[in-house]
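Below: one structure, written as structure tokens.
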Amino acid sequence: MPSPQTPPRGGSAVDPTAVRPDIDDAVIIRVEPAQLRGRLEQLKAEGASMLLDIGGVDYLERTPRFDVVYHLLKLPTRVASVDSVATPMRIRVLCGLDDGQTLPTMSDLWPSADWPEREIYDLFGITFDGHPDLRRIQMPVDWEGYPLRKDYPLRGPALERTPRPDFALKSNLLAGTPASGKTAAALAKQIAKIRGQAE
Amino acid sequence: MTTTPAPLDVVKLGENKMLLSLGPQHPSTHGVLQVLTEIEGETITKADPEIGYLHTGIEKSAENLFWHQASTVIERMDYLSPLTNAMCYVLGVEKLLGITDHIPERAQQLRVLLCELSRIASHCVWLGTGGIDLGAISPFFYAFDLRENILDLFEASGGARMHPNYLRIGGLREDVPQGFLDRLDDLIKKFPGRMRELRGVLQKNPIVQDRMIDVAILSADEAVAWNLTGPSLRGSGIAYDVRKAFPYSGYEKYDFEVPTRDEGDAYARFLVRLDEMDQSMAIIRQVREKLVRGAVMIDDTKVGPPPKEAIALSMEALIHHFKYVSEGFRVPPGDVYQAVEGPRGELGYYIVSNGENRPWRIRTRPPSFYNLQVLKKLAIGELIADMVVCIGSLDPVFGEVDR
């Protein structure tokens, strides 16, 4: 069960996708949820035969909150030599959506979309309309919450009871925030104590 | 809260038809896989793999570690070839950092060398356990003996046999020790003989041929539609190999072939993997010949920690070391998809950075996850006894499927 521990703070309001033209790893296309189905159908008709992967990203403070990322590969079928495969084109389709919005399933276009869509449903809580068998895949069926969301805690209740000094919980601080000066204060106190004894 | 009743081992569905739960503790499932199988007589009519028994939240853990720490958990995904996972991750982060062109030549060569060694080691496990699935116990010892030699090399280079965490962002942790290359030469020398033994006990074995030929057939179109990669795709006749299509770490400099077979059955996938082991050794031989001398870590103390010797002598080195350990380094914002050819297929990482010292998101494209998914299609119409051949020929690793 998810613990009531406060989730890690700090979010990203920026969108780091498609800001690095120097990394030329794929053709990047951003679509709205309503256009997604049509666009992917069109790409498949143009020869994107493989839906390599579907992944989810939670940007927490951004609107829309989630990105669902489709990695496509234009791989020709019926080829037996390395030369005829050459360098197939990679296409990355990003689709932003908010909590509560749904996406159409791709499992009828590419049968391989079945499991990754179930995984995104399981770990992010994004629903795919028309999926034949949308249920949890990694977590137990009676699990509550969506573990890969950024507001889901990293540690469970068992560890929460273990007293830990503040600096050990750096992972719960906003990345880049300096540690709370408690460690330094404790150290200064110790030094003062030792000096006091010496005098 | 909903609960589903635990599946019984065997449920009778009607005349001649029953539901059989294979696993999750079945030795031939190569991990913790449960396959809910509907059989009519002895023929499989429906197979539904249930995964997730090994889910450890590696992607979530990696988001909460520094960039250079994340590779330790990432190596645990595909525990049979940890170096391939680390390779893919460090290449992706190096692209985000924009330092891909500054990685020393020797580091790139040693990375290729170690990745090919881990491919052979991984195929050895598949060969050994695949043989056991079919009732052949002896090949297991031949295969694990060969793997043992490779694990010794990993131990010499990184200090650990299974998860050396030897590849670092910017290069390698340190150079290979004295005597490493001599041991590698020994391995190169005895490898052809070992392969002859393995091929002798398995490839020409009539029992193996009976069990594998014309079992679990997958056409090229089906393999593409079901998103298969690696030996499972090449066994269906498509010569897609990330090392050739999107060369990384200098693979374009080595001369090797991509073995393919047109039959698409379990035996074809078996032969492709055997041929791949020979090709991997060909690459290793070329790397050994071309291996240059020099540094193995990028000359940028923001990304890579300074050498240990420098810390005692230089104040700056000490400061850089302290910053590296306590705070890590920041990676410019951006997203990247990096893929490498793992022993099981295209292993990819979609890495998103928001400019902080921790990755914002690391999404894995696990080849085993997709290769295993095809079992729903592959097993239908096969005999229940051939289920182990279907699973074995796809070579899933559950650390990677469940992550």
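All residue names refer to the structure tokens as shown: chains lettered A, B, ... in order, residues numbered from 1 in each chain, ligands numbered from 1 in order.
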Inset, instruction - Name all residues at most 7 Å from Arg365 of chain B (count only C-alpha atoms; drop same-chain ones fewer than 3 positions away) and give them as JSON, numbers by chain. - result: {"A": [53], "B": [347, 348, 349]}
Legend entry - Selection: 8 Å around Val19 of chain A, only C-alpha atoms, excl. self and same-chain fewer than 5 positions, as a ChimeraX atom specification: /B:333-335
Inset, instruction - For segment 221-231 of chain B, please output as a VMD selection string all residues within 8 Å (counting only C-alpha atoms; exclusion window: fewer than 2 positions along the same chain). - result: (chain A and resid 49 to 52 77 to 78 110 to 112) or (chain B and resid 218 to 219 233 to 236 240 to 241 269 272 to 273 341 to 346 367 370 to 371 373 to 374)
Legend entry - Counting only C-alpha atoms, the option among A:Gly125, A:Pro21, A:Pro140, A:Pro76 closest to Gly56 of chain A: A:Gly125
Write out as a CSV table (one decimal) with N, CA and C atoms, in the first residue's frame each polymer residue whose atoms come within 12 Å of Val397 of chain B, counting only C-alpha atoms; drop sequence neighbours fewer than 4 positions from it.
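Result file is result-v5.csv:
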chain,number,residue,atom,x,y,z
B,29,THR,N,10.5,-21.8,-16.9
B,29,THR,CA,10.1,-20.4,-17.2
B,29,THR,C,11.2,-19.4,-17.0
B,30,HIS,N,12.4,-19.9,-16.6
B,30,HIS,CA,13.6,-19.0,-16.6
B,30,HIS,C,13.4,-17.8,-15.7
B,31,GLY,N,12.7,-18.0,-14.6
B,31,GLY,CA,12.5,-16.9,-13.7
B,31,GLY,C,11.1,-17.0,-13.1
B,32,VAL,N,10.5,-15.9,-12.9
B,32,VAL,CA,9.1,-16.1,-12.3
B,32,VAL,C,8.1,-15.6,-13.3
B,33,LEU,N,7.7,-16.5,-14.1
B,33,LEU,CA,6.7,-16.2,-15.2
B,33,LEU,C,5.5,-17.2,-14.9
B,51,ILE,N,3.0,-11.4,-15.8
B,51,ILE,CA,4.3,-11.0,-15.4
B,51,ILE,C,4.2,-10.1,-14.2
B,54,LEU,N,8.5,-9.9,-10.4
B,54,LEU,CA,9.9,-9.5,-10.0
B,54,LEU,C,9.9,-8.0,-10.1
B,76,ARG,N,21.0,-3.8,-13.0
B,76,ARG,CA,20.3,-4.9,-12.4
B,76,ARG,C,19.1,-5.3,-13.2
B,77,MET,N,18.8,-4.6,-14.3
B,77,MET,CA,17.6,-4.9,-15.1
B,77,MET,C,17.9,-6.3,-15.8
B,78,ASP,N,18.8,-6.3,-16.8
B,78,ASP,CA,19.1,-7.5,-17.5
B,78,ASP,C,20.3,-8.1,-16.8
B,79,TYR,N,20.1,-8.9,-15.8
B,79,TYR,CA,21.2,-9.4,-14.9
B,79,TYR,C,22.1,-10.3,-15.6
B,80,LEU,N,21.8,-10.8,-16.8
B,80,LEU,CA,22.7,-11.7,-17.5
B,80,LEU,C,23.7,-10.9,-18.4
B,81,SER,N,23.4,-9.7,-18.8
B,81,SER,CA,24.4,-8.9,-19.5
B,81,SER,C,24.3,-7.5,-19.0
B,82,PRO,N,24.7,-7.3,-17.7
B,82,PRO,CA,24.6,-6.0,-17.1
B,82,PRO,C,25.4,-4.9,-17.9
B,122,SER,N,25.9,-14.2,-21.9
B,122,SER,CA,24.5,-14.3,-21.8
B,122,SER,C,23.9,-15.4,-22.7
B,123,HIS,N,24.5,-15.5,-23.9
B,123,HIS,CA,24.0,-16.6,-24.8
B,123,HIS,C,24.4,-18.0,-24.2
B,125,VAL,N,24.3,-18.8,-21.0
B,125,VAL,CA,23.3,-19.1,-20.0
B,125,VAL,C,22.1,-19.6,-20.8
B,126,TRP,N,21.7,-18.9,-21.9
B,126,TRP,CA,20.5,-19.3,-22.7
B,126,TRP,C,20.7,-20.7,-23.2
B,342,GLY,N,21.4,-5.4,-27.5
B,342,GLY,CA,21.7,-6.3,-26.4
B,342,GLY,C,21.6,-7.7,-26.9
B,343,PRO,N,22.0,-8.7,-26.0
B,343,PRO,CA,21.9,-10.1,-26.4
B,343,PRO,C,20.5,-10.5,-26.8
B,344,ARG,N,19.4,-9.8,-26.3
B,344,ARG,CA,18.1,-10.2,-26.5
B,344,ARG,C,17.4,-9.3,-27.6
B,345,GLY,N,18.1,-8.2,-28.0
B,345,GLY,CA,17.5,-7.4,-29.0
B,345,GLY,C,17.8,-5.9,-28.7
B,366,PRO,N,12.6,-2.5,-22.9
B,366,PRO,CA,13.2,-3.8,-22.6
B,366,PRO,C,12.9,-4.8,-23.7
B,367,PRO,N,14.0,-5.3,-24.4
B,367,PRO,CA,13.7,-6.3,-25.4
B,367,PRO,C,12.9,-7.5,-25.0
B,368,SER,N,13.2,-8.0,-23.8
B,368,SER,CA,12.6,-9.3,-23.3
B,368,SER,C,11.1,-9.1,-23.1
B,369,PHE,N,10.7,-7.9,-22.7
B,369,PHE,CA,9.3,-7.5,-22.5
B,369,PHE,C,8.5,-7.8,-23.7
B,370,TYR,N,9.0,-7.2,-24.9
B,370,TYR,CA,8.3,-7.4,-26.1
B,370,TYR,C,8.5,-8.8,-26.7
B,371,ASN,N,9.7,-9.3,-26.5
B,371,ASN,CA,9.8,-10.7,-27.1
B,371,ASN,C,8.9,-11.7,-26.4
B,372,LEU,N,8.7,-11.5,-25.1
B,372,LEU,CA,7.9,-12.4,-24.3
B,372,LEU,C,6.4,-12.3,-24.7
B,391,ILE,N,9.1,-20.7,-24.9
B,391,ILE,CA,9.6,-19.7,-23.9
B,391,ILE,C,11.2,-19.6,-24.1
B,392,GLY,N,11.8,-20.8,-24.1
B,392,GLY,CA,13.2,-20.9,-24.2
B,392,GLY,C,13.8,-20.2,-25.5
B,393,SER,N,13.1,-20.3,-26.6
B,393,SER,CA,13.6,-19.8,-27.8
B,393,SER,C,13.5,-18.3,-27.9
B,401,VAL,N,12.0,-7.8,-17.9
B,401,VAL,CA,10.6,-7.8,-18.2
B,401,VAL,C,9.9,-7.0,-17.1
B,402,ASP,N,10.2,-7.3,-15.9
B,402,ASP,CA,9.4,-6.7,-14.8
B,402,ASP,C,10.0,-5.4,-14.2
B,403,ARG,N,11.3,-5.3,-14.4
B,403,ARG,CA,12.1,-4.1,-13.9
B,403,ARG,C,11.7,-3.7,-12.5
Inset, instruction - Could you give me, as a PyMOL selection string, the residues within 10 Å of Tyr121 of chain A, counting only C-alpha atoms and dropping anything in the same chain fewer than 6 positions from it? - result: chain A and resi 56+115+127-128+134-137+146
Legend entry - Given only C-alpha atoms as the counted atoms, nearest of B:Phe329, B:Phe191, B:Tyr254, B:Phe144 to chain A: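 Nearest to chain A: B:Phe329.
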Inset, instruction - Tell me, as a list in words, which residues lie within 8 Å of Thr105 of chain A, counting only C-alpha atoms; anything in the same chain fewer than 6 positions away does not count. - result: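 Residues near the query, excluding close chain neighbours: Ala113, Glu117, Phe128, Asp129, Gly130 and His131 of chain A.
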Would you mind exporting all heavy atoms of the selected residues as a PDB file, in the first residue's frame?
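After the write, part-v8.pdb holds the following:
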ATOM      1  N   ALA A 113       1.324  -3.220 -28.966  1.00  0.00           N
ATOM      2  CA  ALA A 113       0.999  -2.101 -28.075  1.00  0.00           C
ATOM      3  C   ALA A 113       0.236  -2.547 -26.841  1.00  0.00           C
ATOM      4  O   ALA A 113       0.027  -1.763 -25.925  1.00  0.00           O
ATOM      5  CB  ALA A 113       0.187  -1.056 -28.831  1.00  0.00           C
ATOM      6  N   GLU A 117       0.777  -0.437 -23.130  1.00  0.00           N
ATOM      7  CA  GLU A 117      -0.373   0.374 -22.721  1.00  0.00           C
ATOM      8  C   GLU A 117      -0.867  -0.054 -21.348  1.00  0.00           C
ATOM      9  O   GLU A 117      -1.227   0.785 -20.517  1.00  0.00           O
ATOM     10  CB  GLU A 117      -1.492   0.276 -23.773  1.00  0.00           C
ATOM     11  CG  GLU A 117      -1.200   1.122 -24.987  1.00  0.00           C
ATOM     12  CD  GLU A 117      -2.277   1.054 -26.063  1.00  0.00           C
ATOM     13  OE1 GLU A 117      -3.244   0.293 -25.906  1.00  0.00           O
ATOM     14  OE2 GLU A 117      -2.104   1.756 -27.072  1.00  0.00           O
ATOM     15  N   PHE A 128      -6.501   3.875 -21.689  1.00  0.00           N
ATOM     16  CA  PHE A 128      -6.519   3.767 -23.146  1.00  0.00           C
ATOM     17  C   PHE A 128      -7.874   3.238 -23.575  1.00  0.00           C
ATOM     18  O   PHE A 128      -8.249   2.113 -23.236  1.00  0.00           O
ATOM     19  CB  PHE A 128      -5.387   2.842 -23.620  1.00  0.00           C
ATOM     20  CG  PHE A 128      -4.023   3.432 -23.417  1.00  0.00           C
ATOM     21  CD1 PHE A 128      -3.343   3.250 -22.224  1.00  0.00           C
ATOM     22  CD2 PHE A 128      -3.425   4.197 -24.409  1.00  0.00           C
ATOM     23  CE1 PHE A 128      -2.091   3.817 -22.019  1.00  0.00           C
ATOM     24  CE2 PHE A 128      -2.182   4.763 -24.209  1.00  0.00           C
ATOM     25  CZ  PHE A 128      -1.519   4.577 -23.018  1.00  0.00           C
ATOM     26  N   ASP A 129      -8.620   4.058 -24.325  1.00  0.00           N
ATOM     27  CA  ASP A 129      -9.961   3.666 -24.768  1.00  0.00           C
ATOM     28  C   ASP A 129      -9.863   2.540 -25.788  1.00  0.00           C
ATOM     29  O   ASP A 129      -9.056   2.606 -26.714  1.00  0.00           O
ATOM     30  CB  ASP A 129     -10.668   4.861 -25.421  1.00  0.00           C
ATOM     31  CG  ASP A 129     -11.020   5.921 -24.403  1.00  0.00           C
ATOM     32  OD1 ASP A 129     -11.244   5.545 -23.246  1.00  0.00           O
ATOM     33  OD2 ASP A 129     -11.049   7.108 -24.770  1.00  0.00           O
ATOM     34  N   GLY A 130     -10.701   1.540 -25.609  1.00  0.00           N
ATOM     35  CA  GLY A 130     -10.781   0.470 -26.598  1.00  0.00           C
ATOM     36  C   GLY A 130      -9.747  -0.612 -26.412  1.00  0.00           C
ATOM     37  O   GLY A 130      -9.665  -1.527 -27.229  1.00  0.00           O
ATOM     38  N   HIS A 131      -8.946  -0.542 -25.359  1.00  0.00           N
ATOM     39  CA  HIS A 131      -7.965  -1.607 -25.108  1.00  0.00           C
ATOM     40  C   HIS A 131      -8.708  -2.876 -24.693  1.00  0.00           C
ATOM     41  O   HIS A 131      -9.612  -2.821 -23.858  1.00  0.00           O
ATOM     42  CB  HIS A 131      -6.989  -1.164 -24.019  1.00  0.00           C
ATOM     43  CG  HIS A 131      -5.811  -2.082 -23.861  1.00  0.00           C
ATOM     44  ND1 HIS A 131      -5.915  -3.295 -23.239  1.00  0.00           N
ATOM     45  CD2 HIS A 131      -4.524  -1.964 -24.255  1.00  0.00           C
ATOM     46  CE1 HIS A 131      -4.729  -3.892 -23.266  1.00  0.00           C
ATOM     47  NE2 HIS A 131      -3.871  -3.108 -23.875  1.00  0.00           N
TER      48      HIS A 131
END
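If you look at atom CA of Asp133 of chain A and atom CA of Thr45 of chain B, they are 17.9 Å away from each other.
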Legend entry - Which of segment 134-317 of chain B DSSP labels strand (DSSP E or B), written as number ranges by chain: B: 167-168, 171-172, 297
Output for the residues just chosen: N, CA, C and O atoms as a compact mmCIF listing (two decimals), in the first residue's frame:
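selection11.txt, freshly written:
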# COMPACT_ATOMS: atom_id res chain seq x y z
N LEU B 167 31.41 0.61 -16.42
CA LEU B 167 31.24 1.68 -17.39
C LEU B 167 30.74 2.93 -16.67
O LEU B 167 29.81 2.87 -15.89
N ARG B 168 31.40 4.03 -16.93
CA ARG B 168 30.99 5.28 -16.29
C ARG B 168 30.64 6.31 -17.36
O ARG B 168 31.13 6.22 -18.50
N GLY B 171 33.50 7.43 -19.79
CA GLY B 171 34.55 6.45 -20.06
C GLY B 171 34.40 5.22 -19.22
O GLY B 171 33.31 4.66 -19.11
N LEU B 172 35.51 4.78 -18.65
CA LEU B 172 35.51 3.62 -17.77
C LEU B 172 36.03 4.03 -16.41
O LEU B 172 36.73 5.03 -16.27
N MET B 297 39.23 7.66 -19.39
CA MET B 297 38.20 8.54 -18.83
C MET B 297 38.34 9.91 -19.47
O MET B 297 39.45 10.38 -19.73
Inset, instruction - Quick one: pick out all helix (DSSP H, G or I) residues within segment 254-376 of chain B from a backbone DSSP run and write them as number ranges by chain. - result: B: 266-290, 308-311, 315-326, 367-373, 375-376
Would you save the residues of that selection, restricted to C-alpha atoms, as an mmCIF file, in the first residue's frame?
data_model
loop_
_atom_site.group_PDB
_atom_site.id
_atom_site.type_symbol
_atom_site.label_atom_id
_atom_site.label_comp_id
_atom_site.auth_asym_id
_atom_site.auth_seq_id
_atom_site.Cartn_x
_atom_site.Cartn_y
_atom_site.Cartn_z
ATOM 1 C CA ALA B 266 12.807 -22.243 -32.645
ATOM 2 C CA TYR B 267 15.741 -23.999 -34.312
ATOM 3 C CA ALA B 268 16.397 -20.947 -36.513
ATOM 4 C CA ARG B 269 16.553 -18.690 -33.471
ATOM 5 C CA PHE B 270 18.848 -21.239 -31.825
ATOM 6 C CA LEU B 271 21.232 -21.230 -34.803
ATOM 7 C CA VAL B 272 21.192 -17.424 -35.060
ATOM 8 C CA ARG B 273 22.317 -17.168 -31.447
ATOM 9 C CA LEU B 274 25.084 -19.722 -31.973
ATOM 10 C CA ASP B 275 26.319 -17.824 -35.065
ATOM 11 C CA GLU B 276 26.149 -14.571 -33.111
ATOM 12 C CA MET B 277 28.540 -15.949 -30.535
ATOM 13 C CA ASP B 278 31.078 -16.573 -33.304
ATOM 14 C CA GLN B 279 30.540 -13.053 -34.689
ATOM 15 C CA SER B 280 30.974 -11.552 -31.225
ATOM 16 C CA MET B 281 34.294 -13.340 -30.903
ATOM 17 C CA ALA B 282 35.293 -11.971 -34.333
ATOM 18 C CA ILE B 283 34.637 -8.442 -33.027
ATOM 19 C CA ILE B 284 36.589 -9.178 -29.840
ATOM 20 C CA ARG B 285 39.565 -10.381 -31.903
ATOM 21 C CA GLN B 286 39.500 -7.171 -33.957
ATOM 22 C CA VAL B 287 39.263 -4.979 -30.856
ATOM 23 C CA ARG B 288 42.208 -6.875 -29.328
ATOM 24 C CA GLU B 289 44.292 -6.206 -32.453
ATOM 25 C CA LYS B 290 43.363 -2.528 -32.744
ATOM 26 C CA LYS B 308 42.550 8.756 -7.020
ATOM 27 C CA GLU B 309 46.283 9.543 -7.068
ATOM 28 C CA ALA B 310 45.569 13.186 -7.873
ATOM 29 C CA ILE B 311 43.311 13.649 -4.867
ATOM 30 C CA MET B 315 43.373 20.765 -3.923
ATOM 31 C CA GLU B 316 41.234 21.187 -7.066
ATOM 32 C CA ALA B 317 41.100 17.434 -7.576
ATOM 33 C CA LEU B 318 39.906 16.995 -4.004
ATOM 34 C CA ILE B 319 37.187 19.618 -4.491
ATOM 35 C CA HIS B 320 36.045 18.014 -7.763
ATOM 36 C CA HIS B 321 35.980 14.609 -6.118
ATOM 37 C CA PHE B 322 33.939 15.958 -3.215
ATOM 38 C CA LYS B 323 31.440 17.684 -5.507
ATOM 39 C CA TYR B 324 31.130 14.559 -7.679
ATOM 40 C CA VAL B 325 30.375 12.322 -4.720
ATOM 41 C CA SER B 326 28.186 14.666 -2.679
ATOM 42 C CA PRO B 367 13.687 -6.295 -25.440
ATOM 43 C CA SER B 368 12.568 -9.257 -23.301
ATOM 44 C CA PHE B 369 9.272 -7.536 -22.471
ATOM 45 C CA TYR B 370 8.288 -7.370 -26.120
ATOM 46 C CA ASN B 371 9.848 -10.696 -27.066
ATOM 47 C CA LEU B 372 7.871 -12.416 -24.325
ATOM 48 C CA GLN B 373 4.621 -10.748 -25.319
ATOM 49 C CA LEU B 375 4.060 -15.896 -26.535
ATOM 50 C CA LYS B 376 0.319 -15.111 -26.676
#
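Proximity to Leu187 of chain B at 9 Å, evaluated using only C-alpha atoms and with sequence-adjacent residues fewer than 3 positions away removed, yields Leu146, Asn149, Ile150, Asp182, Arg183, Leu184, Lys190 and Phe191 of chain B.
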Inset, instruction - Considering only C-alpha atoms, state which residue in the set B:Val336, B:Val112, B:Met162, B:Val215 is at the smallest distance from Cys390 of chain B. - result: B:Val215
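From atom CA of Leu22 of chain B back to atom CA of Ile384 of chain B, the distance works out to 9.9 Å.
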Legend entry - Among the residues B:Val296, B:Gly131, B:Glu197, B:Ala339, the one that comes closest to Val242 of chain B [using only C-alpha atoms]: B:Ala339
Legend entry - Among listed residues B:Ser118, B:Gln203, B:Ser61, B:Ser157, nearest chain A (using only C-alpha atoms):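 So, comparing all the options, the nearest one is B:Ser61.
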Legend entry - Proximity to chain B - best of A:Leu60, A:Met106, A:Ile29, A:Met139, only C-alpha atoms: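 Nearest candidate to chain B out of A:Leu60, A:Met106, A:Ile29, A:Met139: A:Met139.
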